[in-house]
Amino acid sequence: MRSACILLLTLLLLALPVHAARAQGASRLPATAVPVHYGLTIVPDLDADTFHGSVAIDIDVRLPTDRLVLNARDLAVSSAELVDEPDAAPRTALDREAQTLTIAFARPLSIGRHRLALEYDGAIQRDQPYGLFTVSYDTPAGKRRVLATQFEPADARRLLPCWDEPAFKASFTVAVVVPAAFSAISNMKVARTDDLGATKRVTFADTPTMSSYLLALVAGELEVISADVDGVRVGMVTTAGNAEKGRFALGAATELLRFYNDYFAIDYPLPKLDLVALPGGGGFSAMENWGAIVFFERALLFDPRIASEARREEIYLTIAHEMAHQWFGNLVTMAWWDDLWLNEGFASWMQNRATDRFHPEWQVWQQAKLARDWAMRIDARSTTHPIVQPVATVNQASQAFDAITYSKGQAVISMIEAFLGEAIFRAGVRSYLRAHAYANATTGDLWAALDAESGLPVSRIARSFTEQPGVPLVTVDRRCRDGVAHIDLRQTRFAIHDPSAPPLAWTIPVELAALAGHEPPVKLLLDGAARITVGDCGPVKANAGALGYYRTEYAPKLAAELDDAIMEWAPADRLNLLADGWALVQARRAPVAAYLDMIRRLGDIPERAVWEQALGSLRAIDELERDARGRASFQAAARGLLGPLFARLGWEAQTSEPAADAALRESLLQTLGDFGDPDVIAAARSRFRAYLAGDAELPAGIREPVLRTVGRYADAESFEQLLGLARQTKDQVAKQQYYRALGGALDPLLAARALALSLTGELPGALASFQVARVAYAGEHARQAWDFAQANLDALAGKLDPMRRYRFVPELMGAFAETARAAELRRFAATRMPADARRAAERVAEDIDFKADEKSWLVPEIDRWVAAQPARR
Ligand SMILES: [Zn+2]
């Protein structure tokens, strides 16, 4: 599964908690009986938003028992029968809290195979992507709906009574009755279609043995384009009329399938792979259902007229991520949600390995380091948790989908691959997959395979990074004597806003880099402290290639030498110096001036990730400056730092410019617009006017920054113009671009109108709550947005899915930087959220406290730096 916020670090804020509930789904199912095969038929009633289900479950009873316990949620069971013992007289009882269905028999079932048949009814969610749901969308012929499913982690139990835990693998035969005009998609190919007049029954071929959360069903007025890859049919499925926008994705999926077949040395095991684009927007961008990956359109469809290079890259990475899961996750599945990172950390790493193979120009490894940086920021705080974490309840499983699981996970895998070398690492992965295919595995199984393949202490390193929380800090000191340098390395724990963080110890693969002309790199495993002697006294940098998961702090003289030489290092090391520089500022271990001076030295270099790091921290400072007197001066000084880059990139794409420049132009223009650059604002407005008048196109590469800047400084007239465009277009991606622009309006009266749009129904599902978050963050109206959200919690909650249920309010309140708001959030969590679902609230409350504190010391420091800058306009 992939939520867009992980990679882009953009705020894609989701679902909403409103009603406190008790911990649900807390008990694990007994394994006295296990499922072998499900024969499932679903008959939806789209007008009533309900469905009827029939399921025959072949079970294997392992110990004599007079009861079966399986999962079911919000299902009404009307009949239960033991097919092989018609007189067994089963009685059923649903436990709402535990989300279980217990079937009791008059006498114990014998050990061996039995068949259980159930008839039941359930609900179809409207515009909320969980369980069985529909998404509505506009077409030239009127409103249409598409039916789809979303089950991870624990919503298959809303479609059928089942053993809804990843370790209970079974095969499925799925059938669905749909209107005759619909096409239906499931994990497997269609085996037969029976004409029933106005409807038809579509039956799919049997799946291999798999976990229930990977089951999928989609139906609607769909269109498909497809390609054959070594006998596997790869299909791109869209709503009617949109198939061509899937052409780019189809090409990507085709080359990626061949790449993965080779990388894993196991051919993709199903006869087909569909990539399905649902209209609208959900709380997630894509879900890796086996053979039927479901995306929301923005994450899959590419229209070069409106989507930029950065979108194209994001689409490719998302496809690469979901396809990696077809092996890592679907073929071999974590035994339980405590090892979710095995799925998500690995897929997040693999998406880069695969994408870099075909698109080195995107520099995705560099971009991945930004995601790692974000994880390290979270991991340096008191509210962090280990990658491998105890999970007992459904809420806890849902909360496991976070930056630690995805981004720290991928960073640890990167570090281990670098330590072992690409070939040995791949051989270990292959043997792990072969050993656990069609079954389940744990983190320990992966390390054992890598230990065996390499003969190196992978487990020792890996366990120190996955079983305990936190970020190591490696301090580097250098003493020179007679042309020889003694380098002392020591590790401690790196913490931000957490002075009493308990000390921890890691086994860290450390590689020291030297500049060209100096002694070559040195590698070691750092336990505690180490001293190394090298034959010259040039600048020495830790974390060569930035592949290690740790921060580095240098003794002052060495730090100054490294900062001065920032342009001489390789791009990855340059990015590393900057990222560590900013982290040390946040930890109050280094002055901000040294960091900002490093940005100045960058000039106009063509390294996207390096600039994204700089833009990110400048934006973070700007957020702290929001109510400060010196904000305008800071923005002017920041524009000065970015001036050389803007002078090089400008507004117009150069023919055959690097892809990284195109993506960078987009971020840079957005930042300059947000920082009040008068020329950028004027140019954005004039381009928008020309577009409205039909005199000029809005090229895809600058479309979002133009709309965002026009929206930010909108008056009533331009607000109306943007809204008109939003309502007029039938293109879902373009529509979202306009609504996002509206959400960023600085004018409080327009912000109130932007908030009201979240309740009109024109923004389906999670997009409505997105809009509220946009107003809080981009529009800088945290208080207004939060007041609005509180007044309309029930209405907004009606549009949300349980996966992010307890994240919306915390993430909305994350726009605040006052301690009183942190306290308010903690009270909200204590009274409105179950105890096992407060992790996001606790993390954000701590972050609000941190920002409040940071404001008090960093803003005066920034003011001093600004005062020391040459005067600007
Ligand atoms: Zn995933």
# chains A, B, ... in the order shown; residues from 1 in each chain; ligands from 1

call {"tool": "residues_around", "arguments": {"residues": "Leu40 in chain A", "least_positions_apart": "6", "cutoff": "10 Å", "atoms": "only C-alpha atoms", "output": "ChimeraX atom specification"}}
result
/A:53-57,117-118,159-160,172-176,203

call {"tool": "write_last_selection", "arguments": {"atoms": "C-alpha atoms", "output": "JSON list (two decimals), in the first residue's frame"}}
result
[["chain", "number", "residue", "atom", "x", "y", "z"],
["A", 53, "GLY", "CA", -23.08, -12.60, 0.09],
["A", 54, "SER", "CA", -22.89, -16.40, -0.08],
["A", 55, "VAL", "CA", -19.73, -18.17, 0.91],
["A", 56, "ALA", "CA", -18.75, -21.82, 1.14],
["A", 57, "ILE", "CA", -15.56, -22.19, 3.19],
["A", 117, "ALA", "CA", -21.81, -22.41, 4.06],
["A", 118, "LEU", "CA", -22.99, -18.95, 5.10],
["A", 159, "LEU", "CA", -17.13, -8.39, 2.65],
["A", 160, "LEU", "CA", -17.18, -11.93, 3.95],
["A", 172, "PHE", "CA", -10.59, -18.01, -3.35],
["A", 173, "THR", "CA", -13.14, -18.46, -6.10],
["A", 174, "VAL", "CA", -14.92, -15.14, -6.51],
["A", 175, "ALA", "CA", -18.17, -14.50, -8.39],
["A", 176, "VAL", "CA", -20.10, -11.24, -8.64],
["A", 203, "THR", "CA", -16.97, -15.92, -12.11]]

call {"tool": "residues_around", "arguments": {"residues": "range 516-529 of chain A", "least_positions_apart": "6", "cutoff": "12 Å", "atoms": "only C-alpha atoms", "output": "MDAnalysis selection string"}}
result
chainID A and resid 416 418:419 456:458 460:461 464 472:477 483:485 487:493 503:510 535:545 548 550 565 568:570

call {"tool": "write_last_selection", "arguments": {"atoms": "N, CA and C atoms", "output": "compact mmCIF listing (two decimals), in the first residue's frame"}}
result
# COMPACT_ATOMS: atom_id res chain seq x y z
N ILE A 416 21.84 -1.96 4.50
CA ILE A 416 22.28 -3.35 4.51
C ILE A 416 22.70 -3.80 3.12
N ALA A 418 24.00 -1.86 0.89
CA ALA A 418 25.31 -1.24 0.66
C ALA A 418 26.40 -1.99 1.40
N PHE A 419 26.08 -2.48 2.59
CA PHE A 419 27.05 -3.21 3.40
C PHE A 419 27.41 -4.55 2.74
N LEU A 456 28.15 -12.75 6.85
CA LEU A 456 28.44 -11.52 7.62
C LEU A 456 27.35 -11.33 8.69
N PRO A 457 27.64 -10.50 9.71
CA PRO A 457 26.70 -10.37 10.83
C PRO A 457 25.53 -9.44 10.52
N VAL A 458 24.76 -9.76 9.49
CA VAL A 458 23.64 -8.91 9.11
C VAL A 458 22.63 -8.79 10.25
N ARG A 460 23.00 -8.93 13.41
CA ARG A 460 23.43 -8.08 14.52
C ARG A 460 23.20 -6.60 14.16
N ILE A 461 23.59 -6.21 12.95
CA ILE A 461 23.39 -4.83 12.53
C ILE A 461 21.89 -4.53 12.45
N SER A 464 19.80 -4.15 15.60
CA SER A 464 20.01 -2.92 16.37
C SER A 464 19.24 -1.75 15.78
N PRO A 472 21.09 6.95 15.67
CA PRO A 472 22.43 7.10 16.22
C PRO A 472 23.06 8.44 15.80
N LEU A 473 23.93 8.94 16.66
CA LEU A 473 24.75 10.09 16.30
C LEU A 473 26.20 9.63 16.34
N VAL A 474 26.90 9.77 15.22
CA VAL A 474 28.33 9.44 15.19
C VAL A 474 29.09 10.75 15.26
N THR A 475 29.92 10.91 16.31
CA THR A 475 30.74 12.12 16.38
C THR A 475 32.13 11.80 15.85
N VAL A 476 32.67 12.75 15.11
CA VAL A 476 33.96 12.55 14.43
C VAL A 476 34.92 13.66 14.86
N ASP A 477 36.04 13.24 15.39
CA ASP A 477 37.08 14.21 15.75
C ASP A 477 38.36 13.78 15.04
N GLY A 483 51.54 15.01 9.58
CA GLY A 483 50.90 14.57 8.34
C GLY A 483 50.05 13.33 8.48
N VAL A 484 49.86 12.84 9.69
CA VAL A 484 49.03 11.67 9.92
C VAL A 484 47.81 12.12 10.72
N ALA A 485 46.63 11.57 10.36
CA ALA A 485 45.42 11.96 11.09
C ALA A 485 44.91 10.79 11.93
N ILE A 487 41.65 9.63 13.67
CA ILE A 487 40.23 9.98 13.63
C ILE A 487 39.49 9.18 14.69
N ASP A 488 38.85 9.90 15.60
CA ASP A 488 38.09 9.25 16.67
C ASP A 488 36.61 9.27 16.33
N LEU A 489 36.00 8.09 16.37
CA LEU A 489 34.56 7.96 16.13
C LEU A 489 33.90 7.48 17.41
N ARG A 490 32.75 8.07 17.72
CA ARG A 490 32.07 7.65 18.92
C ARG A 490 30.58 7.73 18.63
N GLN A 491 29.81 6.78 19.13
CA GLN A 491 28.37 6.86 18.88
C GLN A 491 27.60 7.13 20.16
N THR A 492 26.57 7.99 20.01
CA THR A 492 25.60 8.24 21.09
C THR A 492 24.23 8.22 20.44
N ARG A 493 23.25 8.70 21.15
CA ARG A 493 21.91 8.76 20.56
C ARG A 493 21.60 10.19 20.17
N PRO A 503 19.99 6.31 26.67
CA PRO A 503 21.04 5.95 25.72
C PRO A 503 20.77 4.57 25.10
N LEU A 504 21.17 4.42 23.85
CA LEU A 504 21.03 3.14 23.15
C LEU A 504 22.32 2.89 22.38
N ALA A 505 22.54 1.64 22.00
CA ALA A 505 23.76 1.33 21.24
C ALA A 505 23.38 0.58 19.97
N TRP A 506 24.11 0.88 18.90
CA TRP A 506 23.86 0.24 17.60
C TRP A 506 25.15 -0.40 17.07
N THR A 507 25.00 -1.31 16.13
CA THR A 507 26.14 -1.76 15.34
C THR A 507 26.00 -1.09 13.98
N ILE A 508 26.89 -0.13 13.71
CA ILE A 508 26.68 0.76 12.55
C ILE A 508 27.77 0.52 11.49
N PRO A 509 27.35 0.17 10.26
CA PRO A 509 28.35 0.15 9.18
C PRO A 509 28.70 1.61 8.85
N VAL A 510 29.96 1.98 9.06
CA VAL A 510 30.40 3.35 8.81
C VAL A 510 31.42 3.33 7.70
N GLY A 535 46.68 8.34 6.42
CA GLY A 535 47.98 8.89 6.09
C GLY A 535 48.00 10.33 5.66
N ASP A 536 46.88 11.03 5.65
CA ASP A 536 46.97 12.47 5.42
C ASP A 536 45.88 13.17 6.21
N CYS A 537 45.96 14.48 6.20
CA CYS A 537 45.12 15.23 7.13
C CYS A 537 44.09 16.11 6.41
N GLY A 538 43.58 15.61 5.27
CA GLY A 538 42.56 16.37 4.55
C GLY A 538 41.20 16.22 5.24
N PRO A 539 40.19 16.92 4.71
CA PRO A 539 38.85 16.80 5.28
C PRO A 539 38.35 15.36 5.15
N VAL A 540 37.77 14.83 6.21
CA VAL A 540 37.24 13.47 6.16
C VAL A 540 35.78 13.52 6.57
N LYS A 541 34.96 12.81 5.80
CA LYS A 541 33.51 12.86 6.03
C LYS A 541 32.99 11.46 6.34
N ALA A 542 32.13 11.34 7.33
CA ALA A 542 31.50 10.05 7.62
C ALA A 542 30.29 9.86 6.72
N ASN A 543 29.74 8.64 6.73
CA ASN A 543 28.54 8.33 5.94
C ASN A 543 28.75 8.59 4.44
N ALA A 544 29.81 8.03 3.90
CA ALA A 544 30.11 8.18 2.48
C ALA A 544 28.93 7.67 1.65
N GLY A 545 28.51 8.47 0.68
CA GLY A 545 27.37 8.08 -0.14
C GLY A 545 26.04 8.18 0.60
N GLY A 548 24.17 5.29 5.31
CA GLY A 548 23.97 4.86 6.69
C GLY A 548 22.81 5.59 7.35
N TYR A 550 22.22 7.23 10.18
CA TYR A 550 22.70 7.92 11.38
C TYR A 550 23.01 9.37 11.03
N ALA A 565 33.92 23.16 1.99
CA ALA A 565 34.17 22.34 0.79
C ALA A 565 32.90 21.69 0.26
N GLU A 568 32.61 20.46 -3.24
CA GLU A 568 33.59 19.51 -3.77
C GLU A 568 33.17 18.05 -3.58
N TRP A 569 32.18 17.81 -2.71
CA TRP A 569 31.78 16.43 -2.44
C TRP A 569 30.84 15.91 -3.51
N ALA A 570 30.67 14.59 -3.56
CA ALA A 570 29.69 13.98 -4.47
C ALA A 570 28.29 14.43 -4.03

call {"tool": "residues_around", "arguments": {"residues": "Asp445 in chain A", "least_positions_apart": "3", "cutoff": "12 Å", "atoms": "only C-alpha atoms", "output": "list in words"}}
result
Val332, Thr333, Met334, Ala335, Asp339, Leu342, Gly428, Val429, Ser431, Tyr432, Leu433, Arg434, Ala435, His436, Asn440, Ala441, Thr442, Ala448, Ala449, Leu450, Asp451, Ala452, Val458 and Ser459 of chain A

call {"tool": "residues_near_ligand", "arguments": {"ligand": "ligand 1", "cutoff": "9 Å", "atoms": "only C-alpha atoms and all ligand atoms", "output": "number ranges by chain"}}
result
A: 1-3, 286-288, 318, 321-322, 324-325, 329, 343-348, 401, 406

call {"tool": "residues_around", "arguments": {"residues": "range 81-89 of chain A", "least_positions_apart": "3", "cutoff": "9 Å", "atoms": "only C-alpha atoms", "output": "PyMOL selection string"}}
result
chain A and resi 56+104-107+109+114-118

call {"tool": "select_by_dssp", "arguments": {"residues": "range 248-381 of chain A", "states": "strand (DSSP E)", "output": "list in words"}}
result
Lys272, Leu273, Asp274, Leu275, Val276, Ala277, Leu278, Ala286, Met287, Ala292, Ile293, Val294, Phe295, Phe296, Val332, Thr333 and Met334 of chain A

call {"tool": "atom_distance", "arguments": {"atom1": "CA of Val775 in chain A", "atom2": "CA of Phe719 in chain A"}}
result
13.8 Å

call {"tool": "residues_around", "arguments": {"residues": "Gln728 in chain A", "least_positions_apart": "3", "cutoff": "12 Å", "atoms": "only C-alpha atoms", "output": "PDB file with N, CA and C atoms, in the first residue's frame"}}
result
ATOM      1  N   ASP A 138     -18.356  12.143 -12.474  1.00  0.00           N
ATOM      2  CA  ASP A 138     -19.118  12.766 -13.551  1.00  0.00           C
ATOM      3  C   ASP A 138     -18.624  12.258 -14.897  1.00  0.00           C
ATOM      4  N   THR A 139     -19.576  12.036 -15.809  1.00  0.00           N
ATOM      5  CA  THR A 139     -19.196  11.757 -17.198  1.00  0.00           C
ATOM      6  C   THR A 139     -20.066  12.668 -18.065  1.00  0.00           C
ATOM      7  N   PRO A 140     -19.705  12.814 -19.333  1.00  0.00           N
ATOM      8  CA  PRO A 140     -20.564  13.635 -20.213  1.00  0.00           C
ATOM      9  C   PRO A 140     -21.998  13.096 -20.241  1.00  0.00           C
ATOM     10  N   GLN A 721     -12.954  32.584 -10.591  1.00  0.00           N
ATOM     11  CA  GLN A 721     -12.462  32.021 -11.853  1.00  0.00           C
ATOM     12  C   GLN A 721     -11.905  30.606 -11.640  1.00  0.00           C
ATOM     13  N   LEU A 722     -11.137  30.439 -10.564  1.00  0.00           N
ATOM     14  CA  LEU A 722     -10.590  29.108 -10.262  1.00  0.00           C
ATOM     15  C   LEU A 722     -11.707  28.115  -9.958  1.00  0.00           C
ATOM     16  N   LEU A 723     -12.690  28.585  -9.203  1.00  0.00           N
ATOM     17  CA  LEU A 723     -13.803  27.707  -8.840  1.00  0.00           C
ATOM     18  C   LEU A 723     -14.579  27.287 -10.084  1.00  0.00           C
ATOM     19  N   GLY A 724     -14.759  28.246 -11.006  1.00  0.00           N
ATOM     20  CA  GLY A 724     -15.436  27.934 -12.266  1.00  0.00           C
ATOM     21  C   GLY A 724     -14.708  26.827 -13.013  1.00  0.00           C
ATOM     22  N   LEU A 725     -13.378  26.943 -13.082  1.00  0.00           N
ATOM     23  CA  LEU A 725     -12.587  25.917 -13.768  1.00  0.00           C
ATOM     24  C   LEU A 725     -12.721  24.570 -13.062  1.00  0.00           C
ATOM     25  N   ASP A 731     -12.031  16.292 -15.893  1.00  0.00           N
ATOM     26  CA  ASP A 731     -10.787  15.576 -15.602  1.00  0.00           C
ATOM     27  C   ASP A 731     -10.514  15.625 -14.101  1.00  0.00           C
ATOM     28  N   GLN A 732     -10.460  14.429 -13.489  1.00  0.00           N
ATOM     29  CA  GLN A 732     -10.352  14.359 -12.027  1.00  0.00           C
ATOM     30  C   GLN A 732      -9.051  14.964 -11.505  1.00  0.00           C
ATOM     31  N   ALA A 734      -7.164  17.379 -13.001  1.00  0.00           N
ATOM     32  CA  ALA A 734      -7.215  18.841 -13.148  1.00  0.00           C
ATOM     33  C   ALA A 734      -8.131  19.448 -12.088  1.00  0.00           C
ATOM     34  N   LYS A 735      -9.245  18.776 -11.831  1.00  0.00           N
ATOM     35  CA  LYS A 735     -10.210  19.253 -10.834  1.00  0.00           C
ATOM     36  C   LYS A 735      -9.510  19.415  -9.479  1.00  0.00           C
ATOM     37  N   GLN A 736      -8.750  18.409  -9.111  1.00  0.00           N
ATOM     38  CA  GLN A 736      -8.075  18.478  -7.804  1.00  0.00           C
ATOM     39  C   GLN A 736      -7.035  19.598  -7.775  1.00  0.00           C
ATOM     40  N   TYR A 738      -7.307  22.499  -9.191  1.00  0.00           N
ATOM     41  CA  TYR A 738      -8.010  23.763  -8.945  1.00  0.00           C
ATOM     42  C   TYR A 738      -8.472  23.874  -7.493  1.00  0.00           C
ATOM     43  N   TYR A 739      -9.023  22.792  -6.972  1.00  0.00           N
ATOM     44  CA  TYR A 739      -9.505  22.868  -5.581  1.00  0.00           C
ATOM     45  C   TYR A 739      -8.342  23.077  -4.613  1.00  0.00           C
ATOM     46  N   GLU A 762     -18.917  18.338  -3.730  1.00  0.00           N
ATOM     47  CA  GLU A 762     -18.129  18.379  -4.980  1.00  0.00           C
ATOM     48  C   GLU A 762     -16.733  17.799  -4.797  1.00  0.00           C
TER      49      GLU A 762
END

call {"tool": "residues_around", "arguments": {"residues": "Leu214 in chain A", "least_positions_apart": "4", "cutoff": "8 Å", "atoms": "only C-alpha atoms", "output": "NGL selection string"}}
result
:A and (151-152 or 210 or 288-290 or 330)

call {"tool": "select_by_dssp", "arguments": {"residues": "range 585-693 of chain A", "states": "helix (DSSP H, G or I)", "output": "ChimeraX atom specification"}}
result
/A:585-586,592-601,608-624,631-649,659-674,678-692

call {"tool": "closest_residue", "arguments": {"among": "A:Ser656, A:Thr819, A:Thr709, A:Ser856", "to": "Leu668 in chain A", "atoms": "only C-alpha atoms"}}
result
A:Thr709

call {"tool": "atom_distance", "arguments": {"atom1": "CA of Phe264 in chain A", "atom2": "CA of Gln351 in chain A"}}
result
13.5 Å

call {"tool": "residues_around", "arguments": {"residues": "His52 in chain A", "least_positions_apart": "3", "cutoff": "8 Å", "atoms": "only C-alpha atoms", "output": "PDB file with C-alpha atoms, in the first residue's frame"}}
result
ATOM      1  CA  ILE A  42     -21.412 -11.226  -4.046  1.00  0.00           C
ATOM      2  CA  VAL A  43     -24.657  -9.676  -5.297  1.00  0.00           C
ATOM      3  CA  PRO A  44     -24.499  -5.898  -4.865  1.00  0.00           C
ATOM      4  CA  ASP A  45     -27.609  -3.698  -4.756  1.00  0.00           C
ATOM      5  CA  GLU A 119     -25.570 -16.519   3.722  1.00  0.00           C
ATOM      6  CA  TYR A 120     -25.338 -12.924   4.867  1.00  0.00           C
ATOM      7  CA  ASP A 121     -25.873  -9.272   4.019  1.00  0.00           C
ATOM      8  CA  GLY A 122     -23.566  -6.285   4.284  1.00  0.00           C
TER       9      GLY A 122
END
